[in-house]
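K.L.:
My structure is in structure_38.cif, and what it holds is mmCIF, C-alpha atoms:
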data_coords
#
loop_
_atom_site.group_PDB
_atom_site.id
_atom_site.type_symbol
_atom_site.label_atom_id
_atom_site.label_comp_id
_atom_site.auth_asym_id
_atom_site.auth_seq_id
_atom_site.Cartn_x
_atom_site.Cartn_y
_atom_site.Cartn_z
ATOM 1 C CA MET A 19 -1.436 -23.581 6.784
ATOM 2 C CA LEU A 20 1.130 -26.387 6.723
ATOM 3 C CA ARG A 21 3.700 -23.929 5.401
ATOM 4 C CA GLU A 22 2.715 -21.196 7.864
ATOM 5 C CA GLY A 23 2.826 -23.712 10.689
ATOM 6 C CA ILE A 24 6.256 -24.986 9.631
ATOM 7 C CA GLU A 25 7.596 -21.415 9.528
ATOM 8 C CA ALA A 26 6.310 -20.702 13.039
ATOM 9 C CA ALA A 27 7.552 -24.085 14.289
ATOM 10 C CA LEU A 28 11.000 -23.418 12.825
ATOM 11 C CA ILE A 29 11.235 -20.079 14.614
ATOM 12 C CA VAL A 30 10.148 -21.576 17.930
ATOM 13 C CA GLY A 31 12.399 -24.608 17.420
ATOM 14 C CA ILE A 32 15.452 -22.446 16.703
ATOM 15 C CA VAL A 33 14.781 -20.343 19.802
ATOM 16 C CA ALA A 34 14.195 -23.383 22.030
ATOM 17 C CA SER A 35 17.260 -25.218 20.716
ATOM 18 C CA TYR A 36 19.526 -22.218 21.209
ATOM 19 C CA LEU A 37 18.288 -21.660 24.760
ATOM 20 C CA LYS A 38 18.899 -25.326 25.522
ATOM 21 C CA GLN A 39 22.364 -25.372 23.924
ATOM 22 C CA THR A 40 23.489 -22.257 25.792
ATOM 23 C CA GLY A 41 22.234 -23.419 29.187
ATOM 24 C CA ARG A 42 19.285 -20.999 29.243
ATOM 25 C CA GLY A 43 16.490 -23.575 29.347
ATOM 26 C CA ALA A 44 14.967 -21.818 32.351
ATOM 27 C CA TRP A 45 13.776 -19.089 29.969
ATOM 28 C CA MET A 46 11.441 -21.465 28.065
ATOM 29 C CA PRO A 47 8.319 -20.332 30.003
ATOM 30 C CA ALA A 48 8.864 -16.850 28.556
ATOM 31 C CA VAL A 49 8.937 -18.403 25.073
ATOM 32 C CA TRP A 50 5.597 -20.125 25.702
ATOM 33 C CA VAL A 51 4.072 -16.897 26.999
ATOM 34 C CA GLY A 52 5.140 -15.146 23.784
ATOM 35 C CA ILE A 53 3.652 -17.954 21.687
ATOM 36 C CA LEU A 54 0.325 -17.960 23.564
ATOM 37 C CA LEU A 55 0.019 -14.169 23.347
ATOM 38 C CA ALA A 56 0.670 -14.293 19.585
ATOM 39 C CA VAL A 57 -1.937 -17.044 19.106
ATOM 40 C CA ALA A 58 -4.446 -15.090 21.228
ATOM 41 C CA LEU A 59 -3.866 -11.923 19.182
ATOM 42 C CA SER A 60 -4.348 -13.796 15.899
ATOM 43 C CA LEU A 61 -7.577 -15.427 17.091
ATOM 44 C CA PHE A 62 -8.875 -12.092 18.403
ATOM 45 C CA VAL A 63 -8.142 -10.263 15.139
ATOM 46 C CA GLY A 64 -9.738 -13.034 13.078
ATOM 47 C CA ALA A 65 -12.864 -13.164 15.254
ATOM 48 C CA ALA A 66 -13.156 -9.357 15.312
ATOM 49 C CA LEU A 67 -12.903 -9.046 11.540
ATOM 50 C CA GLN A 68 -15.439 -11.825 11.043
ATOM 51 C CA LEU A 69 -17.840 -10.259 13.569
ATOM 52 C CA VAL A 70 -17.534 -6.768 12.112
ATOM 53 C CA SER A 71 -18.039 -7.970 8.544
ATOM 54 C CA ALA A 72 -21.245 -9.781 9.512
ATOM 55 C CA GLN A 73 -22.834 -6.428 10.394
ATOM 56 C CA PHE A 74 -22.241 -4.887 6.952
ATOM 57 C CA PRO A 75 -24.949 -4.529 4.284
ATOM 58 C CA GLN A 76 -24.469 -6.568 1.104
ATOM 59 C CA LYS A 77 -22.383 -4.102 -0.921
ATOM 60 C CA ALA A 78 -20.231 -3.174 2.063
ATOM 61 C CA GLN A 79 -19.763 -6.905 2.728
ATOM 62 C CA GLU A 80 -18.522 -7.397 -0.845
ATOM 63 C CA PHE A 81 -16.131 -4.463 -0.477
ATOM 64 C CA PHE A 82 -14.834 -5.846 2.827
ATOM 65 C CA GLU A 83 -14.229 -9.266 1.251
ATOM 66 C CA ALA A 84 -12.367 -7.600 -1.619
ATOM 67 C CA LEU A 85 -10.235 -5.644 0.855
ATOM 68 C CA VAL A 86 -9.425 -8.765 2.878
ATOM 69 C CA GLY A 87 -8.502 -10.560 -0.341
ATOM 70 C CA LEU A 88 -6.164 -7.771 -1.448
ATOM 71 C CA ILE A 89 -4.473 -7.728 1.979
ATOM 72 C CA ALA A 90 -4.131 -11.517 1.831
ATOM 73 C CA VAL A 91 -2.470 -11.311 -1.594
ATOM 74 C CA ILE A 92 0.025 -8.710 -0.335
ATOM 75 C CA VAL A 93 0.750 -10.705 2.818
ATOM 76 C CA LEU A 94 1.144 -14.031 1.003
ATOM 77 C CA SER A 95 3.379 -12.538 -1.684
ATOM 78 C CA SER A 96 5.642 -10.784 0.814
ATOM 79 C CA MET A 97 5.819 -13.929 2.960
ATOM 80 C CA VAL A 98 6.918 -16.081 0.029
ATOM 81 C CA PHE A 99 9.644 -13.681 -1.061
ATOM 82 C CA TRP A 100 10.741 -12.901 2.499
ATOM 83 C CA MET A 101 11.288 -16.589 3.287
ATOM 84 C CA ARG A 102 13.115 -17.074 -0.025
ATOM 85 C CA LYS A 103 15.514 -14.302 0.978
ATOM 86 C CA ALA A 104 15.773 -14.888 4.737
ATOM 87 C CA ALA A 105 15.893 -18.698 4.873
ATOM 88 C CA ARG A 106 19.697 -18.775 4.861
ATOM 89 C CA SER A 107 20.176 -16.269 7.674
ATOM 90 C CA ILE A 108 17.108 -16.696 9.871
ATOM 91 C CA LYS A 109 18.901 -18.974 12.351
ATOM 92 C CA SER A 110 21.837 -16.628 12.965
ATOM 93 C CA GLU A 111 19.515 -13.604 13.177
ATOM 94 C CA LEU A 112 17.352 -15.277 15.807
ATOM 95 C CA HIS A 113 20.433 -16.253 17.820
ATOM 96 C CA THR A 114 21.580 -12.630 17.744
ATOM 97 C CA HIS A 115 18.155 -11.376 18.865
ATOM 98 C CA ILE A 116 18.105 -13.875 21.757
ATOM 99 C CA ASP A 117 21.567 -12.780 22.923
ATOM 100 C CA GLU A 118 20.472 -9.139 22.769
ATOM 101 C CA ALA A 119 17.257 -9.846 24.669
ATOM 102 C CA LEU A 120 19.089 -11.634 27.491
ATOM 103 C CA ALA A 121 22.126 -9.346 27.630
ATOM 104 C CA HIS A 122 20.525 -6.771 29.946
ATOM 105 C CA SER A 123 20.498 -7.120 33.707
ATOM 106 C CA THR A 124 16.748 -6.448 33.907
ATOM 107 C CA GLY A 125 13.776 -7.003 31.630
ATOM 108 C CA GLN A 126 15.155 -10.164 29.993
ATOM 109 C CA ALA A 127 11.840 -12.021 30.254
ATOM 110 C CA THR A 128 9.898 -9.129 28.717
ATOM 111 C CA ALA A 129 12.407 -8.793 25.884
ATOM 112 C CA LEU A 130 12.347 -12.541 25.141
ATOM 113 C CA ILE A 131 8.541 -12.647 25.284
ATOM 114 C CA GLY A 132 8.388 -9.679 22.920
ATOM 115 C CA MET A 133 10.839 -11.233 20.458
ATOM 116 C CA VAL A 134 8.932 -14.535 20.283
ATOM 117 C CA PHE A 135 5.575 -12.738 20.260
ATOM 118 C CA PHE A 136 6.378 -10.583 17.225
ATOM 119 C CA ALA A 137 8.014 -13.481 15.354
ATOM 120 C CA VAL A 138 5.036 -15.817 15.839
ATOM 121 C CA ALA A 139 2.381 -13.072 15.573
ATOM 122 C CA ARG A 140 3.627 -12.242 12.064
ATOM 123 C CA GLU A 141 2.908 -15.812 10.967
ATOM 124 C CA GLY A 142 -0.419 -15.819 12.832
ATOM 125 C CA LEU A 143 -1.698 -12.590 11.294
ATOM 126 C CA GLU A 144 -0.614 -13.762 7.843
ATOM 127 C CA SER A 145 -2.709 -16.868 8.471
ATOM 128 C CA VAL A 146 -5.711 -14.815 9.590
ATOM 129 C CA PHE A 147 -5.982 -12.821 6.358
ATOM 130 C CA PHE A 148 -5.223 -15.887 4.240
ATOM 131 C CA LEU A 149 -7.912 -17.957 5.971
ATOM 132 C CA LEU A 150 -10.505 -15.172 5.848
ATOM 133 C CA ALA A 151 -9.957 -14.847 2.103
ATOM 134 C CA ILE A 152 -10.112 -18.618 1.571
ATOM 135 C CA PHE A 153 -13.176 -19.088 3.791
ATOM 136 C CA GLN A 154 -15.000 -16.464 1.720
ATOM 137 C CA GLN A 155 -14.419 -18.593 -1.400
ATOM 138 C CA SER A 156 -15.232 -21.935 0.253
ATOM 139 C CA THR A 157 -18.539 -21.940 2.141
ATOM 140 C CA ASN A 158 -18.454 -25.547 3.403
ATOM 141 C CA SER A 159 -16.374 -27.109 6.190
ATOM 142 C CA ASP A 160 -13.557 -28.371 3.948
ATOM 143 C CA ALA A 161 -11.393 -25.253 4.296
ATOM 144 C CA PRO A 162 -11.489 -25.137 8.131
ATOM 145 C CA LEU A 163 -10.757 -28.870 8.298
ATOM 146 C CA GLY A 164 -7.868 -28.470 5.875
ATOM 147 C CA ALA A 165 -6.495 -25.564 7.903
ATOM 148 C CA MET A 166 -6.708 -27.541 11.143
ATOM 149 C CA LEU A 167 -5.038 -30.554 9.527
ATOM 150 C CA GLY A 168 -2.223 -28.360 8.226
ATOM 151 C CA ILE A 169 -1.669 -26.864 11.679
ATOM 152 C CA LEU A 170 -1.631 -30.273 13.397
ATOM 153 C CA VAL A 171 0.791 -31.764 10.875
ATOM 154 C CA SER A 172 3.077 -28.718 11.117
ATOM 155 C CA ILE A 173 3.153 -29.006 14.924
ATOM 156 C CA GLY A 174 4.159 -32.666 14.636
ATOM 157 C CA LEU A 175 6.807 -31.955 12.011
ATOM 158 C CA GLY A 176 8.086 -28.960 13.954
ATOM 159 C CA TYR A 177 8.582 -31.044 17.073
ATOM 160 C CA GLY A 178 10.198 -33.787 15.012
ATOM 161 C CA ILE A 179 12.653 -31.307 13.496
ATOM 162 C CA TYR A 180 13.414 -29.872 16.951
ATOM 163 C CA ALA A 181 13.937 -33.343 18.446
ATOM 164 C CA GLY A 182 16.096 -34.383 15.498
ATOM 165 C CA GLY A 183 13.898 -37.288 14.447
ATOM 166 C CA VAL A 184 12.614 -35.722 11.216
ATOM 167 C CA ARG A 185 14.848 -34.548 8.375
ATOM 168 C CA MET A 186 13.350 -32.245 5.768
ATOM 169 C CA ASN A 187 14.806 -30.536 2.748
ATOM 170 C CA LEU A 188 13.456 -27.159 3.847
ATOM 171 C CA ARG A 189 14.795 -25.354 0.802
ATOM 172 C CA ARG A 190 12.815 -27.646 -1.519
ATOM 173 C CA PHE A 191 9.781 -27.534 0.793
ATOM 174 C CA PHE A 192 9.640 -23.740 0.769
ATOM 175 C CA PHE A 193 10.244 -23.650 -3.002
ATOM 176 C CA TRP A 194 7.290 -25.862 -3.912
ATOM 177 C CA THR A 195 4.964 -24.439 -1.273
ATOM 178 C CA GLY A 196 5.964 -20.959 -2.453
ATOM 179 C CA LEU A 197 4.858 -21.810 -5.995
ATOM 180 C CA PHE A 198 1.594 -23.230 -4.672
ATOM 181 C CA ILE A 199 0.887 -20.149 -2.552
ATOM 182 C CA LEU A 200 1.499 -17.789 -5.482
ATOM 183 C CA ILE A 201 -1.104 -19.710 -7.526
ATOM 184 C CA VAL A 202 -3.540 -19.512 -4.597
ATOM 185 C CA ALA A 203 -2.848 -15.764 -4.263
ATOM 186 C CA ALA A 204 -3.589 -15.258 -7.975
ATOM 187 C CA GLY A 205 -7.021 -16.818 -7.454
ATOM 188 C CA ILE A 206 -7.662 -14.635 -4.402
ATOM 189 C CA LEU A 207 -6.710 -11.545 -6.414
ATOM 190 C CA ALA A 208 -9.118 -12.454 -9.214
ATOM 191 C CA GLY A 209 -11.820 -13.109 -6.622
ATOM 192 C CA SER A 210 -11.165 -9.702 -5.050
ATOM 193 C CA LEU A 211 -11.793 -8.019 -8.399
ATOM 194 C CA ARG A 212 -15.078 -9.930 -8.631
ATOM 195 C CA HIS A 213 -16.063 -8.690 -5.162
ATOM 196 C CA LEU A 214 -15.218 -5.110 -6.182
ATOM 197 C CA HIS A 215 -17.570 -5.470 -9.148
ATOM 198 C CA GLU A 216 -20.343 -6.861 -6.943
ATOM 199 C CA ALA A 217 -19.778 -3.936 -4.579
ATOM 200 C CA GLY A 218 -20.360 -1.557 -7.499
ATOM 201 C CA ILE A 219 -16.809 -0.147 -7.445
ATOM 202 C CA TRP A 220 -15.256 -1.897 -10.481
ATOM 203 C CA ASN A 221 -17.372 -2.214 -13.628
ATOM 204 C CA SER A 222 -14.792 -2.370 -16.427
ATOM 205 C CA LEU A 223 -13.577 -5.428 -18.385
ATOM 206 C CA GLN A 224 -16.686 -7.456 -17.529
ATOM 207 C CA THR A 225 -16.800 -9.440 -20.785
ATOM 208 C CA VAL A 226 -16.977 -13.171 -20.035
ATOM 209 C CA VAL A 227 -13.901 -14.815 -21.570
ATOM 210 C CA PHE A 228 -15.192 -18.406 -21.532
ATOM 211 C CA ASP A 229 -18.087 -20.345 -20.047
ATOM 212 C CA LEU A 230 -17.339 -23.650 -18.314
ATOM 213 C CA SER A 231 -20.592 -23.771 -16.356
ATOM 214 C CA GLY A 232 -21.808 -26.688 -18.492
ATOM 215 C CA VAL A 233 -18.551 -28.633 -18.144
ATOM 216 C CA LEU A 234 -17.215 -27.789 -14.686
ATOM 217 C CA PRO A 235 -19.745 -25.684 -12.747
ATOM 218 C CA VAL A 236 -18.400 -23.918 -9.698
ATOM 219 C CA GLY A 237 -21.134 -25.585 -7.624
ATOM 220 C CA SER A 238 -19.920 -29.122 -8.411
ATOM 221 C CA ALA A 239 -17.676 -31.055 -6.022
ATOM 222 C CA LEU A 240 -14.554 -30.464 -8.116
ATOM 223 C CA GLY A 241 -15.560 -26.884 -8.898
ATOM 224 C CA THR A 242 -16.046 -26.133 -5.202
ATOM 225 C CA LEU A 243 -12.641 -27.618 -4.420
ATOM 226 C CA LEU A 244 -10.925 -25.595 -7.157
ATOM 227 C CA SER A 245 -12.809 -22.465 -6.113
ATOM 228 C CA GLY A 246 -11.795 -22.814 -2.483
ATOM 229 C CA MET A 247 -8.140 -23.532 -3.251
ATOM 230 C CA PHE A 248 -7.403 -21.521 -6.392
ATOM 231 C CA GLY A 249 -10.293 -19.075 -6.782
ATOM 232 C CA TYR A 250 -11.735 -20.965 -9.774
ATOM 233 C CA HIS A 251 -14.765 -19.396 -11.474
ATOM 234 C CA ASP A 252 -16.666 -21.080 -14.308
ATOM 235 C CA MET A 253 -17.391 -17.761 -16.078
ATOM 236 C CA PRO A 254 -14.369 -15.505 -15.539
ATOM 237 C CA THR A 255 -14.424 -11.971 -16.877
ATOM 238 C CA LEU A 256 -11.672 -10.327 -18.897
ATOM 239 C CA GLY A 257 -10.521 -8.282 -15.895
ATOM 240 C CA GLU A 258 -10.230 -11.388 -13.699
ATOM 241 C CA VAL A 259 -8.195 -13.225 -16.339
ATOM 242 C CA ILE A 260 -5.891 -10.229 -16.807
ATOM 243 C CA VAL A 261 -5.119 -9.812 -13.095
ATOM 244 C CA TYR A 262 -4.746 -13.596 -12.634
ATOM 245 C CA VAL A 263 -2.333 -14.066 -15.525
ATOM 246 C CA GLY A 264 -0.544 -10.747 -14.906
ATOM 247 C CA TYR A 265 0.041 -11.487 -11.227
ATOM 248 C CA LEU A 266 1.385 -14.958 -11.961
ATOM 249 C CA ALA A 267 3.595 -13.716 -14.802
ATOM 250 C CA ILE A 268 5.248 -11.105 -12.575
ATOM 251 C CA THR A 269 5.548 -13.111 -9.352
ATOM 252 C CA LEU A 270 6.669 -16.368 -10.966
ATOM 253 C CA TYR A 271 9.346 -14.520 -12.924
ATOM 254 C CA MET A 272 10.645 -12.909 -9.738
ATOM 255 C CA PHE A 273 10.373 -16.153 -7.770
ATOM 256 C CA LEU A 274 12.011 -18.443 -10.321
ATOM 257 C CA ARG A 275 14.875 -16.199 -11.387
ATOM 258 C CA PRO A 276 18.207 -17.156 -9.783
ATOM 259 C CA ALA A 277 18.884 -15.306 -6.552
ATOM 260 C CA ALA A 278 21.995 -13.138 -6.554
ATOM 261 C CA SER A 279 24.812 -14.568 -4.457
ATOM 262 C CA PRO A 280 25.905 -12.552 -1.379
ATOM 263 C CA THR A 281 29.170 -11.624 -3.150
ATOM 264 C CA VAL A 282 27.357 -10.307 -6.198
ATOM 265 C CA ALA A 283 24.814 -8.460 -4.060
ATOM 266 C CA ALA A 284 27.596 -6.835 -2.042
ATOM 267 C CA ALA A 285 29.420 -5.839 -5.220
ATOM 268 C CA ARG A 286 26.261 -4.207 -6.583
ATOM 269 C CA ALA A 287 25.737 -2.312 -3.336
ATOM 270 C CA THR A 288 29.319 -0.976 -3.197
ATOM 271 C CA PRO A 289 29.665 2.387 -4.977
ATOM 272 C CA PRO A 290 32.434 2.561 -7.580
ATOM 273 C CA SER A 291 35.655 4.246 -6.468
ATOM 274 C CA ASN A 292 36.837 7.415 -8.219
#
Could I get this structure in the form of structure tokens?
P.N.:
Amino acid sequence: MLREGIEAALIVGIVASYLKQTGRGAWMPAVWVGILLAVALSLFVGAALQLVSAQFPQKAQEFFEALVGLIAVIVLSSMVFWMRKAARSIKSELHTHIDEALAHSTGQATALIGMVFFAVAREGLESVFFLLAIFQQSTNSDAPLGAMLGILVSIGLGYGIYAGGVRMNLRRFFFWTGLFILIVAAGILAGSLRHLHEAGIWNSLQTVVFDLSGVLPVGSALGTLLSGMFGYHDMPTLGEVIVYVGYLAITLYMFLRPAASPTVAAARATPPSN
């Protein structure tokens, strides 16, 4: 949630700074309206999904939790790779979108609200599916407290970056948090396969690979922490190990390989001349 909050704070900070620098500070109320609408949508979607899932019978509940986990894995993975690709150009792209939104003689407020709304709502909805998946793995209050702490710290850091009082190496921040999130997503994916088995949909590869219940039971303090953060299970099945290791092998390879420079990427995209 610290990373998600920083991403949202960066977007809002870039928009606010550009409006201030270009003498358009009067449009800030529209920015706040967009932010509040995005937060309201995220809270509504999260509450609705939680309320609907509570009405399901046991097997349908397990299937729903598996589905939420799979969506969370897709969202987290795409978010990590999108930020890795877009970090260099996000500022200029936002400036362009602001100029386009305010270029018309009418409807500027609606366009600016819509731009901020969709930018922040993307981060909010990513957070909703991530938190639902994590809360399903951690049944105590630690996960909600951690999420709230991450949000509060990100708000403080975001304001500090906007005001110029806090300097962060954002490239390094997003690199290490990206690695962390991919490990978390691997645990969510393995947990989703477990939910599919408990729902009666997936019954293959159920051989227990190793048993750590006598050494580090999932119900212990450390086991609960590892389960909530990384999807730890003290008796993982062969299928869970395969999807965990396979997901990490693929995503870490793609994440750690050097990114192609813009010149190289342009050269690859240009068709050869006859």
K.L.:
With distances taken over only C-alpha atoms, which of A:Met247, A:Val57, A:Ala119, A:Val63 is nearest to Ala151 (chain A)?
P.N.:
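Once distances to Ala151 (chain A) are computed over only C-alpha atoms, the minimum belongs to A:Met247.
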K.L.:
CA of Leu143 (chain A) and CA of Leu170 (chain A), how far apart in Å?
P.N.:
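Interatomic distance, CA of Leu170 (chain A) to CA of Leu143 (chain A): 17.8 Å.
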K.L.:
Could you tell me which residues the PyMOL selection byres ((chain A and resi 38-52) around 6) grabs in this file, written as number ranges by chain?
P.N.:
A: 35-37, 53-55, 127, 131, 134-135
K.L.:
With all atoms listed in the file as the basis for distance, which of A:Glu25, A:Phe136, A:Leu150, A:Gly237 is at the shortest distance from Trp100 (chain A)?
P.N.:
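Distance minimum relative to Trp100 (chain A) lands on A:Glu25.
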K.L.:
Enumerate, as number ranges by chain, the residues matched when the PyMOL selection byres ((chain A and resi 204) around 8) is run on the file above.
P.N.:
A: 91, 200-203, 205-208, 248-249, 261-263, 265-266
K.L.:
Report, in Å with one decimal, the straight-line distance from CA of Thr114 (chain A) to CA of Ala58 (chain A).
P.N.:
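About the pair CA of Thr114 (chain A) and CA of Ala58 (chain A): they are 26.4 Å apart.
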